[in-house]
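Containing JSON, C-alpha atoms: run_6.json.
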[["chain", "number", "residue", "atom", "x", "y", "z"],
["K", 1, "MET", "CA", 86.70, 101.23, 96.79],
["K", 2, "HIS", "CA", 90.30, 100.12, 96.76],
["K", 3, "VAL", "CA", 93.40, 102.34, 96.40],
["K", 4, "GLU", "CA", 96.26, 101.14, 94.21],
["K", 5, "LEU", "CA", 99.59, 102.93, 93.95],
["K", 6, "ASP", "CA", 102.20, 102.00, 91.36],
["K", 7, "GLU", "CA", 105.32, 102.73, 93.44],
["K", 8, "PRO", "CA", 107.78, 102.42, 90.52],
["K", 9, "LYS", "CA", 105.89, 105.24, 88.73],
["K", 10, "CYS", "CA", 105.90, 107.51, 91.79],
["K", 11, "VAL", "CA", 108.02, 110.66, 91.43],
["K", 12, "ALA", "CA", 107.92, 111.51, 95.16],
["K", 13, "SER", "CA", 106.08, 114.81, 94.75],
["K", 14, "GLY", "CA", 104.05, 114.23, 97.91],
["K", 15, "GLN", "CA", 100.83, 115.64, 96.47],
["K", 16, "CYS", "CA", 98.89, 112.54, 97.51],
["K", 17, "VAL", "CA", 100.07, 112.90, 101.11],
["K", 18, "LEU", "CA", 98.96, 116.53, 101.16],
["K", 19, "ALA", "CA", 95.56, 115.66, 99.68],
["K", 20, "ALA", "CA", 94.83, 112.54, 101.77],
["K", 21, "PRO", "CA", 97.28, 112.11, 104.67],
["K", 22, "GLU", "CA", 95.11, 109.44, 106.26],
["K", 23, "VAL", "CA", 95.52, 107.25, 103.16],
["K", 24, "PHE", "CA", 99.06, 108.01, 101.88],
["K", 25, "ASP", "CA", 102.51, 108.55, 103.34],
["K", 26, "GLN", "CA", 106.06, 108.80, 101.98],
["K", 27, "ARG", "CA", 109.16, 106.77, 102.77],
["K", 28, "ASP", "CA", 111.82, 108.77, 104.59],
["K", 29, "GLU", "CA", 114.72, 107.41, 102.54],
["K", 30, "ASP", "CA", 113.50, 108.34, 99.05],
["K", 31, "GLY", "CA", 110.13, 110.09, 99.33],
["K", 32, "ILE", "CA", 108.27, 107.42, 97.39],
["K", 33, "ALA", "CA", 104.63, 107.27, 98.42],
["K", 34, "PHE", "CA", 102.90, 104.24, 99.85],
["K", 35, "VAL", "CA", 99.33, 103.42, 100.83],
["K", 36, "LEU", "CA", 98.45, 103.44, 104.53],
["K", 37, "ASP", "CA", 94.84, 102.37, 104.01],
["K", 38, "ALA", "CA", 93.98, 100.52, 100.79],
["K", 39, "THR", "CA", 90.27, 100.51, 101.60],
["K", 40, "PRO", "CA", 89.63, 104.00, 102.97],
["K", 41, "ALA", "CA", 86.44, 105.06, 104.67],
["K", 42, "GLU", "CA", 83.69, 106.60, 102.58],
["K", 43, "ASP", "CA", 84.28, 110.05, 104.08],
["K", 44, "THR", "CA", 87.87, 110.13, 102.74],
["K", 45, "LEU", "CA", 87.07, 109.16, 99.15],
["K", 46, "ASP", "CA", 86.83, 112.76, 97.93],
["K", 47, "ALA", "CA", 90.36, 113.37, 99.21],
["K", 48, "VAL", "CA", 91.57, 110.18, 97.53],
["K", 49, "ARG", "CA", 89.93, 111.22, 94.25],
["K", 50, "GLU", "CA", 91.77, 114.54, 94.52],
["K", 51, "ALA", "CA", 95.06, 112.67, 95.10],
["K", 52, "VAL", "CA", 94.39, 110.57, 91.99],
["K", 53, "ALA", "CA", 93.66, 113.70, 89.95],
["K", 54, "ILE", "CA", 96.72, 115.69, 91.04],
["K", 55, "CYS", "CA", 99.34, 112.92, 91.00],
["K", 56, "PRO", "CA", 101.91, 114.15, 88.44],
["K", 57, "ALA", "CA", 102.95, 110.58, 87.61],
["K", 58, "ALA", "CA", 99.42, 109.15, 87.37],
["K", 59, "ALA", "CA", 100.59, 106.46, 89.78],
["K", 60, "ILE", "CA", 97.38, 106.20, 91.83],
["K", 61, "ARG", "CA", 94.15, 104.42, 90.94],
["K", 62, "LEU", "CA", 90.87, 104.12, 92.78],
["K", 63, "VAL", "CA", 89.26, 100.80, 91.88],
["K", 64, "GLU", "CA", 85.69, 99.83, 92.59],
["K", 65, "GLN", "CA", 85.48, 96.47, 94.35]]

Show this structure as structure tokens.
Amino acid sequence: MHVELDEPKCVASGQCVLAAPEVFDQRDEDGIAFVLDATPAEDTLDAVREAVAICPAAAIRLVEQ
């Protein structure tokens, strides 16, 4: 699986970082999220799926490779 984040859509809510801190982080200057690990380990996929589901801007996608 591959994580995609549409940064221009991000509203800097930080929900993805709370759900999956090993996969997402936020920039200090504006709070916009970014992906730390675009191909996360299998044991983190449930957390990534939660981040996708709770993102208020629908800016995150989990794509099967």

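Between K:Leu18 and the candidates K:Asp43, K:Glu50, K:Asp37, K:Asp6, the tightest atom-to-atom separation, counting all atoms listed in the file, involves K:Glu50.
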
**Message:** Restricting the calculation to only C-alpha atoms: of K:Cys10, K:Leu5, K:Leu62, K:Asp30, which residue gets closest to K:Asp46?
**Reply:** K:Leu62

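Pairwise distance (atom CA of K:Glu64, atom CA of K:Val11) equals 24.8 Å.
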
**Message:** Show me, as a list in words, the residues that have an atom within 7 Å of K:Ala12 when counting all atoms listed in the file, minus same-chain residues fewer than 6 positions from it.
**Reply:** Gly31, Ile32 and Ala33 of chain K

Quick one: write out the picked residues with C-alpha atoms as a PDB file, in the frame of the given file?
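Saved file selection_29.pdb follows:
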ATOM      1  CA  GLY K  31     110.130 110.090  99.330  1.00  0.00           C
ATOM      2  CA  ILE K  32     108.270 107.420  97.390  1.00  0.00           C
ATOM      3  CA  ALA K  33     104.630 107.270  98.420  1.00  0.00           C
TER       4      ALA K  33
END

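Computed from the coordinates, the atom CA of K:Arg27 to atom CA of K:Ala47 distance equals 20.2 Å.
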
**Item:** Distance query 10 Å from (92.5, 111.5, 93.7) using only C-alpha atoms, result as a PyMOL selection string
**Value:** chain K and resi 3+15-16+19-20+45-55+58+60-62

**Prompt:** Taking (100.9, 103.9, 104.7) in the file's coordinates as the center, which residues reach within 7 Å of it, counting only C-alpha atoms, put as an MDAnalysis selection string?
**Reply:** chainID K and resid 23:25 34:37
